[in-house]
>>> print(open('input_15.cif').read())   # mmCIF, C-alpha atoms and all ligand atoms
data_query
loop_
_atom_site.label_atom_id
_atom_site.label_comp_id
_atom_site.auth_asym_id
_atom_site.auth_seq_id
_atom_site.Cartn_x
_atom_site.Cartn_y
_atom_site.Cartn_z
CA MET V 904 27.19 -67.26 49.08
CA ILE V 905 26.49 -70.76 47.73
CA THR V 906 26.47 -70.89 43.98
CA LYS V 907 25.80 -74.18 42.23
CA ASN V 908 25.98 -73.02 38.65
CA LYS V 909 27.25 -69.56 38.00
CA ASN V 910 25.52 -69.35 34.64
CA ARG V 911 22.05 -69.67 36.02
CA LEU V 912 20.07 -66.44 35.81
CA SER V 913 18.96 -64.68 38.96
CA ILE V 914 15.26 -65.15 39.63
CA PHE V 915 15.25 -61.58 40.97
CA ASP V 916 16.02 -60.25 37.49
CA LYS V 917 12.79 -61.64 36.04
CA SER V 918 9.66 -59.55 35.62
CA LEU V 919 6.30 -61.25 36.06
CA GLN V 920 5.78 -61.21 32.30
CA GLU V 921 9.20 -62.73 31.63
CA LEU V 922 8.56 -65.49 34.12
CA GLU V 923 5.13 -66.14 32.58
CA THR V 924 6.77 -66.55 29.18
CA PHE V 925 9.34 -68.88 30.74
CA CYS V 926 6.65 -71.05 32.35
CA VAL V 927 4.57 -71.33 29.19
CA LYS V 928 7.63 -72.05 27.01
CA ASN V 929 8.59 -74.88 29.32
CA GLY V 930 5.14 -76.43 29.27
CA PHE V 931 3.84 -75.06 32.56
CA LYS V 932 0.97 -72.70 33.30
CA LYS V 933 1.17 -68.95 32.95
CA TYR V 934 -0.25 -68.50 36.48
CA ASN V 935 2.69 -70.47 37.93
CA ALA V 936 4.82 -67.36 37.43
CA HIS V 937 2.66 -65.40 39.85
CA GLN V 938 2.91 -68.21 42.40
CA ILE V 939 6.70 -68.26 42.16
CA MET V 940 6.99 -64.47 42.53
CA ARG V 941 4.63 -64.57 45.50
CA TRP V 942 6.84 -67.15 47.24
CA VAL V 943 9.95 -65.13 46.59
CA TYR V 944 8.81 -61.61 47.36
CA PHE V 945 5.85 -62.05 49.73
CA TYR V 946 6.82 -65.15 51.70
CA ARG V 947 10.58 -64.64 51.30
CA ILE V 948 11.08 -68.28 50.37
CA PHE V 949 14.11 -68.55 48.13
CA ASP V 950 14.31 -72.35 47.92
CA PHE V 951 12.25 -73.60 44.98
CA ASN V 952 11.78 -76.96 46.71
CA LYS V 953 9.85 -75.26 49.49
CA MET V 954 7.30 -73.80 47.07
CA THR V 955 4.67 -76.35 48.00
CA ASN V 956 1.89 -75.37 45.58
CA ILE V 957 4.20 -75.80 42.60
CA SER V 958 4.61 -79.13 40.82
CA LYS V 959 7.80 -81.10 41.29
CA PRO V 960 8.74 -80.90 37.57
CA LEU V 961 8.45 -77.10 37.66
CA ARG V 962 10.48 -76.91 40.86
CA ASN V 963 13.19 -78.97 39.17
CA THR V 964 13.14 -76.78 36.07
CA LEU V 965 13.40 -73.66 38.22
CA THR V 966 16.32 -75.12 40.16
CA ASP V 967 18.09 -75.91 36.89
CA CYS V 968 17.58 -72.50 35.36
CA PHE V 969 17.65 -69.96 38.16
CA GLN V 970 19.65 -69.09 41.22
CA THR V 971 18.22 -67.24 44.20
CA ASP V 972 21.43 -66.00 45.76
CA LEU V 973 21.22 -62.58 47.32
CA PRO V 974 24.26 -60.35 47.29
CA GLU V 975 26.23 -60.21 50.50
CA ILE V 976 26.13 -57.58 53.21
CA ILE V 977 29.80 -57.17 54.01
CA LYS V 978 29.52 -54.42 56.55
CA THR V 979 26.94 -52.33 58.35
CA VAL V 980 27.43 -49.08 60.22
CA HIS V 981 24.81 -47.85 62.61
CA GLU V 982 23.85 -44.40 63.88
CA GLU V 983 21.38 -43.54 66.66
CA ASP V 984 19.93 -40.15 67.30
CA GLY V 985 17.03 -38.99 69.45
CA ALA V 986 14.52 -39.30 66.63
CA GLY V 987 15.39 -42.64 65.13
CA HIS V 988 18.26 -44.46 63.62
CA SER V 989 19.98 -45.14 60.38
CA ARG V 990 22.14 -47.92 59.16
CA LYS V 991 24.41 -48.02 56.17
CA TYR V 992 24.89 -51.34 54.39
CA LEU V 993 27.87 -52.13 52.24
CA ILE V 994 26.67 -54.74 49.74
CA ARG V 995 28.81 -56.89 47.45
CA PHE V 996 27.55 -58.38 44.20
CA ARG V 997 28.71 -61.48 42.35
CA ASP V 998 31.29 -59.52 40.36
CA ASN V 999 32.76 -58.27 43.66
CA ARG V 1000 31.61 -54.74 43.04
CA THR V 1001 30.08 -52.94 45.98
CA ILE V 1002 27.32 -50.43 46.59
CA GLU V 1003 25.72 -48.85 49.58
CA SER V 1004 22.13 -48.68 50.75
CA VAL V 1005 20.99 -46.63 53.71
CA LEU V 1006 18.10 -47.53 56.00
CA ILE V 1007 16.47 -44.61 57.80
CA GLU V 1008 14.05 -45.54 60.54
CA TYR V 1009 11.80 -42.87 61.91
CA ARG V 1010 8.75 -43.75 63.99
CA ASP V 1011 6.96 -46.50 62.05
CA ARG V 1012 8.46 -45.52 58.72
CA ARG V 1013 11.38 -47.55 57.43
CA THR V 1014 12.81 -45.92 54.35
CA LEU V 1015 15.50 -47.53 52.26
CA CYS V 1016 17.68 -45.28 50.17
CA VAL V 1017 18.63 -47.57 47.29
CA SER V 1018 21.41 -47.36 44.74
CA SER V 1019 20.61 -47.75 41.05
CA GLN V 1020 24.12 -47.78 39.60
CA ILE V 1021 27.67 -48.54 40.68
CA GLY V 1022 29.14 -45.06 40.57
CA CYS V 1023 27.55 -42.37 38.41
CA LYS V 1024 28.13 -40.66 35.05
CA MET V 1025 26.45 -37.38 35.85
CA GLY V 1026 29.47 -35.59 37.29
CA CYS V 1027 27.70 -33.22 39.72
CA LEU V 1028 30.54 -31.29 41.32
CA PHE V 1029 29.26 -31.43 44.90
CA CYS V 1030 28.54 -35.17 45.00
CA GLU V 1031 31.05 -37.73 46.27
CA THR V 1032 29.49 -40.57 44.28
CA ALA V 1033 30.16 -38.62 41.09
CA GLY V 1034 33.83 -38.56 42.05
CA LEU V 1035 33.91 -42.34 41.67
CA GLY V 1036 33.00 -42.26 38.01
CA PHE V 1037 30.74 -44.90 36.52
CA SER V 1038 31.20 -48.68 36.64
CA ARG V 1039 27.88 -50.20 35.60
CA ASN V 1040 24.11 -50.22 35.94
CA LEU V 1041 22.48 -52.36 38.58
CA SER V 1042 20.06 -54.96 37.26
CA SER V 1043 16.45 -54.85 38.45
CA GLY V 1044 17.23 -57.85 40.66
CA GLU V 1045 20.20 -56.07 42.19
CA ILE V 1046 17.98 -53.10 43.01
CA LEU V 1047 15.30 -55.35 44.53
CA SER V 1048 17.85 -57.41 46.42
CA GLN V 1049 18.78 -54.32 48.46
CA ILE V 1050 15.23 -54.34 49.82
CA LEU V 1051 15.16 -58.12 50.26
CA LEU V 1052 18.43 -58.08 52.20
CA VAL V 1053 17.38 -55.29 54.52
CA ASN V 1054 13.95 -56.88 55.01
CA GLU V 1055 15.78 -59.91 56.39
CA ASP V 1056 17.69 -57.67 58.77
CA ILE V 1057 14.88 -55.60 60.31
CA LYS V 1058 11.49 -56.12 61.87
CA GLY V 1059 8.48 -55.11 59.83
CA GLY V 1060 10.09 -54.64 56.43
CA ILE V 1061 10.77 -51.59 54.32
CA THR V 1062 7.79 -49.21 54.03
CA ASN V 1063 9.28 -46.54 51.73
CA VAL V 1064 11.93 -46.47 49.04
CA VAL V 1065 13.91 -43.51 47.76
CA PHE V 1066 16.14 -43.79 44.72
CA MET V 1067 18.66 -41.42 46.23
CA GLY V 1068 21.62 -43.72 46.76
CA MET V 1069 24.47 -44.17 44.33
CA GLY V 1070 23.75 -43.45 40.70
CA GLU V 1071 21.23 -41.68 38.52
CA PRO V 1072 18.03 -43.76 38.38
CA LEU V 1073 16.81 -42.28 35.11
CA ASP V 1074 20.10 -43.23 33.47
CA ASN V 1075 19.07 -46.82 34.24
CA ILE V 1076 15.36 -46.33 33.70
CA THR V 1077 14.51 -49.76 32.28
CA ASN V 1078 15.85 -51.63 35.29
CA VAL V 1079 14.43 -49.06 37.69
CA GLU V 1080 10.97 -49.47 36.14
CA LYS V 1081 11.24 -53.24 36.29
CA SER V 1082 12.16 -53.10 39.98
CA VAL V 1083 9.39 -50.60 40.74
CA ASP V 1084 6.81 -52.88 39.11
CA ILE V 1085 7.72 -55.68 41.51
CA MET V 1086 8.25 -53.63 44.65
CA SER V 1087 4.94 -51.80 44.21
CA ASP V 1088 2.86 -54.89 43.43
CA ASN V 1089 0.45 -55.61 46.29
CA ASN V 1090 1.07 -59.32 45.95
CA PHE V 1091 4.82 -58.99 46.16
CA LEU V 1092 6.64 -56.28 48.14
CA SER V 1093 3.57 -54.02 48.55
CA ILE V 1094 5.38 -50.70 48.65
CA ALA V 1095 2.80 -48.42 47.06
CA PRO V 1096 4.06 -46.15 44.25
CA ARG V 1097 3.32 -43.06 46.36
CA LYS V 1098 5.83 -44.41 48.87
CA ILE V 1099 8.54 -44.64 46.25
CA THR V 1100 10.50 -41.54 45.26
CA ILE V 1101 12.66 -41.37 42.17
CA SER V 1102 15.20 -38.60 42.45
CA THR V 1103 16.89 -37.33 39.31
CA CYS V 1104 19.50 -34.75 38.46
CA GLY V 1105 17.13 -33.69 35.67
CA ILE V 1106 17.24 -35.98 32.63
CA MET V 1107 14.05 -34.34 31.50
CA ASP V 1108 13.08 -36.54 28.55
CA LYS V 1109 13.22 -39.50 30.93
CA VAL V 1110 11.26 -37.68 33.65
CA LYS V 1111 8.31 -37.64 31.23
CA ILE V 1112 8.54 -41.43 31.00
CA ALA V 1113 9.07 -41.89 34.75
CA GLU V 1114 5.94 -39.85 35.54
CA LYS V 1115 3.96 -42.81 34.21
CA PHE V 1116 5.30 -45.06 36.99
CA ASN V 1117 3.09 -43.01 39.40
CA CYS V 1118 5.94 -42.78 41.90
CA LYS V 1119 6.88 -39.49 43.50
CA ILE V 1120 9.41 -37.51 41.53
CA ALA V 1121 12.14 -35.37 43.03
CA ILE V 1122 14.41 -33.21 40.90
CA SER V 1123 17.79 -32.15 42.21
CA LEU V 1124 17.66 -28.49 41.29
CA ASN V 1125 20.54 -27.07 43.31
CA ALA V 1126 20.60 -23.71 41.54
CA SER V 1127 18.21 -20.91 40.70
CA ASN V 1128 19.71 -19.94 37.35
CA ASP V 1129 21.48 -21.58 34.42
CA THR V 1130 24.83 -19.93 35.08
CA THR V 1131 25.19 -21.59 38.48
CA ARG V 1132 23.51 -24.83 37.49
CA ASN V 1133 25.78 -25.19 34.46
CA LYS V 1134 28.76 -24.93 36.79
CA LEU V 1135 27.47 -27.45 39.32
CA MET V 1136 25.64 -29.98 37.18
CA PRO V 1137 26.81 -30.93 33.67
CA ILE V 1138 23.31 -32.26 32.84
CA ASN V 1139 22.09 -28.65 32.77
CA LYS V 1140 23.88 -28.08 29.47
CA LYS V 1141 21.65 -30.71 27.90
CA PHE V 1142 18.48 -29.86 29.82
CA PRO V 1143 18.62 -26.24 31.00
CA LEU V 1144 16.34 -24.96 33.77
CA LYS V 1145 13.60 -24.02 31.34
CA ASN V 1146 13.02 -27.72 30.66
CA ILE V 1147 12.36 -28.30 34.35
CA VAL V 1148 10.16 -25.22 34.68
CA ASP V 1149 8.11 -26.16 31.59
CA LEU V 1150 7.56 -29.75 32.69
CA ILE V 1151 6.41 -28.60 36.11
CA ASN V 1152 4.16 -25.84 34.84
CA ASP V 1153 2.50 -28.20 32.39
CA ARG V 1154 1.39 -30.44 35.27
CA LYS V 1155 -1.96 -29.98 36.95
CA PRO V 1156 -1.72 -28.39 40.42
CA SER V 1157 -2.09 -31.08 43.08
CA ILE V 1158 -1.65 -31.06 46.81
CA HIS V 1159 -0.61 -34.69 46.92
CA ASN V 1160 1.50 -34.99 43.83
CA LYS V 1161 3.80 -32.00 43.84
CA ILE V 1162 7.28 -32.47 42.48
CA THR V 1163 9.92 -32.03 45.15
CA LEU V 1164 12.81 -29.80 44.21
CA GLU V 1165 15.91 -30.77 46.14
CA TYR V 1166 18.31 -27.93 46.72
CA VAL V 1167 21.71 -28.57 48.22
CA LEU V 1168 22.80 -25.36 49.94
CA ILE V 1169 26.44 -24.56 49.23
CA LYS V 1170 28.09 -21.59 50.86
CA ASP V 1171 28.46 -18.54 48.58
CA ILE V 1172 27.50 -20.58 45.53
CA ASN V 1173 23.72 -20.88 45.66
CA ASP V 1174 22.68 -19.85 49.19
CA ASN V 1175 22.08 -16.13 48.73
CA ILE V 1176 18.66 -14.64 49.36
CA SER V 1177 18.71 -13.47 45.71
CA ASN V 1178 18.71 -17.15 44.72
CA ALA V 1179 15.58 -17.75 46.78
CA LYS V 1180 14.00 -14.76 45.00
CA GLU V 1181 14.85 -16.26 41.61
CA LEU V 1182 13.21 -19.54 42.63
CA GLU V 1183 10.10 -17.69 43.74
CA LYS V 1184 9.84 -16.10 40.31
CA ILE V 1185 10.13 -19.27 38.25
CA PHE V 1186 8.19 -21.78 40.36
CA SER V 1187 4.69 -21.85 41.80
CA PRO V 1188 3.80 -23.06 45.32
CA SER V 1189 0.89 -25.01 43.85
CA LYS V 1190 3.22 -27.15 41.76
CA VAL V 1191 6.40 -27.78 43.77
CA LYS V 1192 7.76 -28.13 47.25
CA PHE V 1193 11.33 -27.52 48.28
CA ASN V 1194 13.64 -29.78 50.17
CA LEU V 1195 16.69 -27.87 51.36
CA ILE V 1196 19.76 -29.97 52.06
CA PRO V 1197 22.77 -28.35 53.70
CA LEU V 1198 25.81 -29.70 51.86
CA ASN V 1199 27.24 -32.88 53.36
CA LYS V 1200 30.93 -33.16 53.26
CA GLY V 1201 33.05 -35.92 54.66
CA GLU V 1202 35.97 -34.60 56.68
CA ASP V 1203 38.43 -36.28 54.39
CA SER V 1204 36.64 -35.29 51.20
CA ILE V 1205 39.05 -34.55 48.38
CA PHE V 1206 36.44 -34.32 45.69
CA LEU V 1207 34.40 -31.59 47.40
CA ARG V 1208 37.29 -29.49 48.58
CA ASN V 1209 36.07 -26.34 46.86
CA PHE V 1210 32.70 -26.40 48.56
CA GLU V 1211 31.46 -25.58 52.04
CA ARG V 1212 28.13 -26.16 53.72
CA ALA V 1213 25.92 -23.03 53.86
CA ASP V 1214 25.82 -21.31 57.26
CA ASP V 1215 22.82 -21.91 59.50
CA ASN V 1216 21.89 -18.28 59.07
CA ALA V 1217 21.89 -18.47 55.30
CA LEU V 1218 19.79 -21.64 55.47
CA SER V 1219 17.30 -20.04 57.79
CA ASN V 1220 16.95 -16.88 55.64
CA PHE V 1221 16.63 -18.92 52.47
CA LYS V 1222 13.95 -21.07 54.02
CA THR V 1223 12.00 -18.12 55.42
CA LYS V 1224 12.00 -16.40 52.03
CA LEU V 1225 10.50 -19.45 50.33
CA LEU V 1226 8.00 -20.03 53.14
CA LYS V 1227 6.81 -16.44 52.89
CA ALA V 1228 6.28 -16.93 49.18
CA GLY V 1229 3.87 -19.76 50.06
CA PHE V 1230 6.05 -22.79 49.31
CA THR V 1231 6.15 -25.92 51.42
CA VAL V 1232 9.74 -26.20 52.53
CA THR V 1233 11.42 -29.02 54.41
CA THR V 1234 15.01 -29.14 55.50
CA ARG V 1235 16.87 -32.38 55.28
CA PHE V 1236 19.64 -32.60 57.74
CA SER V 1237 20.71 -35.85 56.19
CA LYS V 1238 20.41 -38.67 58.58
CA ALA V 1239 23.37 -41.00 58.70
CA GLN V 1240 25.72 -38.13 58.07
CA SER V 1241 28.15 -39.13 60.77
CA ILE V 1242 28.51 -42.51 59.07
CA ASN V 1243 29.01 -40.91 55.67
CA GLY V 1244 25.59 -42.18 54.66
CA GLY V 1245 24.12 -38.76 54.01
CA CYS V 1246 23.04 -37.59 50.57
CA GLY V 1247 25.86 -37.45 48.10
CA GLN V 1248 28.25 -39.20 50.44
CA LEU V 1249 27.86 -42.73 49.18
CA THR V 1250 31.07 -44.04 47.74
CA ALA V 1251 31.12 -47.68 48.91
CA LYS V 1252 34.61 -46.90 50.09
CA THR V 1253 34.12 -44.71 53.10
CA ILE V 1254 32.52 -47.54 55.03
CA TYR V 1255 35.81 -49.42 55.11
CA SER V 1256 37.48 -46.76 57.15
CA SER V 1257 34.70 -46.18 59.65
N1 LIG V 1301 21.21 -38.94 40.93
C1 LIG V 1301 20.04 -38.67 41.67
C2 LIG V 1301 19.95 -39.38 43.00
C3 LIG V 1301 21.19 -39.44 43.86
S1 LIG V 1301 21.67 -38.00 44.73
C4 LIG V 1301 19.85 -37.17 41.85
O1 LIG V 1301 20.71 -36.41 41.40
O2 LIG V 1301 18.82 -36.75 42.36
C5 LIG V 1301 20.44 -37.75 45.95
C6 LIG V 1301 20.37 -36.30 46.44
O3 LIG V 1301 21.56 -35.96 47.15
C7 LIG V 1301 20.25 -35.28 45.32
O4 LIG V 1301 19.24 -34.37 45.61
C8 LIG V 1301 21.59 -34.56 45.33
O5 LIG V 1301 21.47 -33.25 44.87
C9 LIG V 1301 21.95 -34.66 46.80
N2 LIG V 1301 23.39 -34.53 47.05
C10 LIG V 1301 24.41 -34.90 46.27
N3 LIG V 1301 25.59 -34.59 46.85
C11 LIG V 1301 25.31 -34.02 48.03
C12 LIG V 1301 26.09 -33.51 49.10
N4 LIG V 1301 27.42 -33.54 49.06
N5 LIG V 1301 25.45 -33.01 50.17
C13 LIG V 1301 24.09 -33.00 50.24
N6 LIG V 1301 23.31 -33.48 49.28
C14 LIG V 1301 23.89 -33.98 48.17
#
>>> encode(input="input_15.cif", output="structure tokens")
Amino acid sequence: MITKNKNRLSIFDKSLQELETFCVKNGFKKYNAHQIMRWVYFYRIFDFNKMTNISKPLRNTLTDCFQTDLPEIIKTVHEEDGAGHSRKYLIRFRDNRTIESVLIEYRDRRTLCVSSQIGCKMGCLFCETAGLGFSRNLSSGEILSQILLVNEDIKGGITNVVFMGMGEPLDNITNVEKSVDIMSDNNFLSIAPRKITISTCGIMDKVKIAEKFNCKIAISLNASNDTTRNKLMPINKKFPLKNIVDLINDRKPSIHNKITLEYVLIKDINDNISNAKELEKIFSPSKVKFNLIPLNKGEDSIFLRNFERADDNALSNFKTKLLKAGFTVTTRFSKAQSINGGCGQLTAKTIYSS
């Protein structure tokens, strides 16, 4: 990483509006901001001197004020299976902290699972990232740079983004929104909002705000009643199940915009057929779809030692029950599991040992 002046701000942390203000304040045109962002995000030109439709004085000002360094990929781990492949990236930022992003390629869809924080505060008992504790939020530029880095590494560019990596996106909602604005802009990264999924453990006051981003929303439900959810997910004490049910039931039914409820199946904790029955009672097939995720557990996991993955039989019965009740149900056998890149397995540490 070449850094001329460490105090210069990262261009990737600027929203279009912020860059417009910068241009005008420095005596340039408001529309210059759009041109600069187009060079950076659409043409992937990070050298201001190569931005040929921009005046020399503006190029000089930009060079003085901003840096365009991307964080560094310090390791990648690759996994092939019959259907496609996945690759886990260990990425290091300027402060030497690391995160992971996971690319999942399937047919012509290239989905990047991005991190929104270094570590996480939410403390979900079955999640390895939670075991790390919380270090800091990622800036909008640090979120976007995960896409920019991977776009340099693959053919065709990222087509879909899921905020399902390290961290709780709605606990960093301002920077997530700022990054979504840029990634979804047709002139910049062109990843349409419907191809972006924000997954939350259920910070329900923030879900209301995030609905306005027009992205897909997924809520990590993981339990069918408050007793179990309180045990697994501390956030449930602040926003009990009723908050999730009410928000969902207040939405208009829609085939294309159903909320996905993610449900990690943990043996003898939440995988009983009675749990599926409880779900059937509180949710409607016209409003939600289920994504069942058998628990991922690294072999050397210390944090998850009290939990086991649900048996195949339990999974199959659970799924059948929900299907019969009319729900759309998908099962996510997390890709990248063998490289510890499956859901809830991102620790930015495991990659060192693989
Ligand atoms: N904080 C956000 C996004 C990160 S977790 C959220 O809670 O949604 C992404 C998904 O992985 C969530 O649905 C979560 O429930 C699931 N997950 C966490 N730990 C897991 C594990 N050990 N095995 C399988 N899925 C897990």
>>> residues_around(input="input_15.cif", residues="segment 1058-1072 of chain V", least_positions_apart="2", cutoff="7 Å", atoms="all atoms listed in the file", output="compact mmCIF listing (two decimals) with C-alpha atoms, in the frame of the given file")
# COMPACT_ATOMS: atom_id res chain seq x y z
CA SER V 1004 22.13 -48.68 50.75
CA ARG V 1012 8.46 -45.52 58.72
CA ARG V 1013 11.38 -47.55 57.43
CA THR V 1014 12.81 -45.92 54.35
CA LEU V 1015 15.50 -47.53 52.26
CA CYS V 1016 17.68 -45.28 50.17
CA VAL V 1017 18.63 -47.57 47.29
CA SER V 1018 21.41 -47.36 44.74
CA SER V 1019 20.61 -47.75 41.05
CA GLN V 1020 24.12 -47.78 39.60
CA ILE V 1021 27.67 -48.54 40.68
CA GLY V 1022 29.14 -45.06 40.57
CA CYS V 1023 27.55 -42.37 38.41
CA THR V 1032 29.49 -40.57 44.28
CA ILE V 1050 15.23 -54.34 49.82
CA ASN V 1054 13.95 -56.88 55.01
CA ASP V 1074 20.10 -43.23 33.47
CA ASN V 1075 19.07 -46.82 34.24
CA ILE V 1076 15.36 -46.33 33.70
CA VAL V 1079 14.43 -49.06 37.69
CA ILE V 1094 5.38 -50.70 48.65
CA LYS V 1098 5.83 -44.41 48.87
CA ILE V 1099 8.54 -44.64 46.25
CA THR V 1100 10.50 -41.54 45.26
CA ILE V 1101 12.66 -41.37 42.17
CA SER V 1102 15.20 -38.60 42.45
CA THR V 1103 16.89 -37.33 39.31
CA LEU V 1249 27.86 -42.73 49.18
>>> closest_residue(input="input_15.cif", among="V:Gly1026, V:Gly930, V:Gly1229, V:Pro1156", to="ligand LIG 1301 (chain V)", atoms="only C-alpha atoms and all ligand atoms")
V:Gly1026
>>> atom_distance(input="input_15.cif", atom1="atom CA of Phe996 of chain V", atom2="atom CA of Thr979 of chain V")
15.4 Å
>>> atom_distance(input="input_15.cif", atom1="atom C8 of ligand LIG 1301 (chain V)", atom2="atom CA of Ser1127 of chain V")
14.8 Å
>>> closest_residue(input="input_15.cif", among="V:Arg1132, V:Arg1154, V:Lys1222, V:Arg947", to="Leu1028 of chain V", atoms="all atoms listed in the file")
V:Arg1132
>>> atom_distance(input="input_15.cif", atom1="atom CA of Glu1031 of chain V", atom2="atom C9 of ligand LIG 1301 (chain V)")
9.6 Å
>>> closest_residue(input="input_15.cif", among="V:Arg990, V:Lys1119, V:Lys917, V:Lys1111", to="Pro1096 of chain V", atoms="only C-alpha atoms")
V:Lys1119
>>> residues_around(input="input_15.cif", residues="segment 1173-1190 of chain V", least_positions_apart="6", cutoff="9 Å", atoms="all atoms listed in the file", output="count of residues only")
32
>>> closest_residue(input="input_15.cif", among="V:Ile1120, V:Ile1007, V:Cys1027, V:Cys968", to="Ile1057 of chain V", atoms="all atoms listed in the file")
V:Ile1007
>>> residues_around(input="input_15.cif", residues="Met940 of chain V", least_positions_apart="6", cutoff="10 Å", atoms="all atoms listed in the file", output="list of chain:residue names")
V:Ile914, V:Phe915, V:Lys917, V:Ser918, V:Leu919, V:Leu922, V:Tyr946, V:Arg947, V:Ile948, V:Phe949, V:Ile1085, V:Asn1090, V:Phe1091, V:Leu1092
>>> closest_residue(input="input_15.cif", among="V:Asp1215, V:Glu975, V:Asp1056, V:Glu1165", to="ligand LIG 1301 (chain V)", atoms="only C-alpha atoms and all ligand atoms")
V:Glu1165
>>> closest_residue(input="input_15.cif", among="V:Asn952, V:Ser989, V:Ser958, V:Ser913", to="Cys926 of chain V", atoms="all atoms listed in the file")
V:Ser958
>>> axis_aligned_box(input="input_15.cif", around="ligand LIG 1301 (chain V)", padding_each_side="4 Å", output="lines of an AutoDock Vina configuration file")
center_x = 23.1
center_y = -36.2
center_z = 45.6
size_x = 16.6
size_y = 14.4
size_z = 17.3
>>> residues_near_point(input="input_15.cif", point="(16.7, -34.0, 35.9)", cutoff="10 Å", atoms="all atoms listed in the file", output="PyMOL selection string")
chain V and resi 1071+1073+1102-1110+1120-1124+1136+1138-1139+1141-1144+1146-1147
>>> residues_near_point(input="input_15.cif", point="(17.3, -62.5, 45.1)", cutoff="6 Å", atoms="all atoms listed in the file", output="MDAnalysis selection string")
chainID V and resid 915 971:973 1048
